[in-house]
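Each remark here refers to the structure printed beneath this line.
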Amino acid sequence: MNVEEQLTQMFENHNCPDYKWIDPALINVCQWVRFKCQWGCNNYGVRANCPPNVPSVEHCQQFLSEYSQAVIFHFRRACTTREERYEWTAQINAELQAIEREVFLSGYYKAFALFVDACHLCDECAGSRKDCLQKMTSRPAPDALGIDVYQAARSVGYHIEVLTDPAQEMDRYGFLLIE
Ligand code: SF4
């Protein structure tokens, strides 16, 4: 089994069969995304994996530039309540973290996963990296690192739109940086 087949099997085993490879150099990391966190998101200053508890946008750009390969995982579902969405994405994020670990153990020592949304592994977030209750397993979401998820998803042919009704199906994306 070659590496791609091995990873395909691994992704399927973790219920993440819908994915595409993406060149990290083609993923935009932008100040405007950070501004949207700062002015427009209730997680700002509250969650341990959200701004300002994350590196600067410049450091996030540098971080991505140190990888030659990435995978973008697609998930789609409608959730009528916020709680339903958190429950759904917490399951996905646990799988992404497990994938990161397996990929790491298979020799890709730089493997790093990005969750599909703000980490909700705990009922109550500790609110800072220092106090995070699951330091080994929690990971930031791509937008927390300044990644333009719309641009990244569309660049490889995935669908994503601004939604206007909570009952609409949403497209969510997680990432795995790998080398
Ligand atoms: S693991 Fe818990 S404390 Fe850490 S970021 Fe996630 S929800 Fe917050």
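Note on naming: chains are A, B, ... as they come in the structure tokens, residues start from 1 per chain, ligands start from 1 in the order shown.
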What are the closest atom pairs, with distances in Å to one decimal, for all residues of chain A lying within 10 Å of ligand 1? Consider only C-alpha atoms and all ligand atoms, order rows by chain and residue number, and present the result as CSV.
residue,atom,partner,partner_atom_place_in_ligand_line,distance
A:Val46,CA,ligand 1,8 (Fe),8.8
A:Arg47,CA,ligand 1,8 (Fe),5.6
A:Ala48,CA,ligand 1,5 (S),4.3
A:Asn49,CA,ligand 1,5 (S),4.9
A:Cys50,CA,ligand 1,5 (S),8.0
A:Asn53,CA,ligand 1,5 (S),9.6
A:Ala90,CA,ligand 1,6 (Fe),9.6
A:Ala118,CA,ligand 1,6 (Fe),7.7
A:Cys119,CA,ligand 1,6 (Fe),4.4
A:His120,CA,ligand 1,7 (S),4.3
A:Leu121,CA,ligand 1,7 (S),4.6
A:Cys122,CA,ligand 1,2 (Fe),4.2
A:Asp123,CA,ligand 1,7 (S),6.8
A:Glu124,CA,ligand 1,7 (S),6.2
A:Cys125,CA,ligand 1,8 (Fe),3.5
A:Ala126,CA,ligand 1,3 (S),4.2
A:Gly127,CA,ligand 1,8 (Fe),6.0
A:Ser128,CA,ligand 1,3 (S),7.3
A:Arg129,CA,ligand 1,4 (Fe),7.0
A:Lys130,CA,ligand 1,4 (Fe),9.1
A:Asp131,CA,ligand 1,3 (S),6.8
A:Cys132,CA,ligand 1,3 (S),3.8
A:Leu133,CA,ligand 1,3 (S),4.3
A:Gln134,CA,ligand 1,1 (S),4.2
A:Lys135,CA,ligand 1,4 (Fe),6.1
A:Met136,CA,ligand 1,1 (S),8.4
A:Thr137,CA,ligand 1,1 (S),6.9
A:Ser138,CA,ligand 1,1 (S),4.8
A:Arg139,CA,ligand 1,5 (S),7.3
A:Pro140,CA,ligand 1,5 (S),7.9
Within 7 Å of stretch 63-77 of chain A, counting only C-alpha atoms, which residues qualify if same-chain residues fewer than 3 places away don't, as a PyMOL selection string? chain A and resi 16+18-25+59-60+169-179
d(atom CA of A:Val149, atom CA of A:Ala78) in Å: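 Interatomic distance, atom CA of A:Val149 to atom CA of A:Ala78: 18.5 Å.
The residues of stretch 6-164 of chain A that DSSP assigns to strand (DSSP E or B) on this backbone come out as Tyr19, Lys20, Trp21, Ile22, Val29, Gln69, Ala70, Val71, Ile72, Phe73, His74, Phe75, Arg76, Arg77, Phe112, Ala113, Leu114 and Ile147 of chain A.
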For A:Gln31, which residue among A:Gly45, A:Ser56, A:Val156, A:Gln62 is the nearest when counting only C-alpha atoms?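 Under the stated criterion, the closest residue is A:Ser56.
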Per-residue nearest contacts of stretch 123-162 of chain A to stretch 32-39 of chain A (12 Å; only C-alpha atoms) as a tab-separated table:
residue	atom	partner	partner_atom	distance
A:Ala141	CA	A:Cys37	CA	11.5
A:Pro142	CA	A:Val33	CA	9.9
A:Asp143	CA	A:Val33	CA	6.5
A:Ala144	CA	A:Arg34	CA	7.0
A:Leu145	CA	A:Arg34	CA	7.6
A:Gly146	CA	A:Val33	CA	5.0
A:Ile147	CA	A:Val33	CA	6.9
A:Asp148	CA	A:Val33	CA	6.6
A:Val149	CA	A:Val33	CA	9.3
A:Tyr150	CA	A:Val33	CA	10.8
A:Gln151	CA	A:Val33	CA	11.5
Residue with the minimum atom-to-atom distance to A:Gln97, picked from A:Gly40, A:Arg82, A:His14, A:Gln61 with only C-alpha atoms counted, is A:His14
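Interatomic distance, atom CA of A:Asp117 to atom CA of A:Cys41: 12.1 Å.
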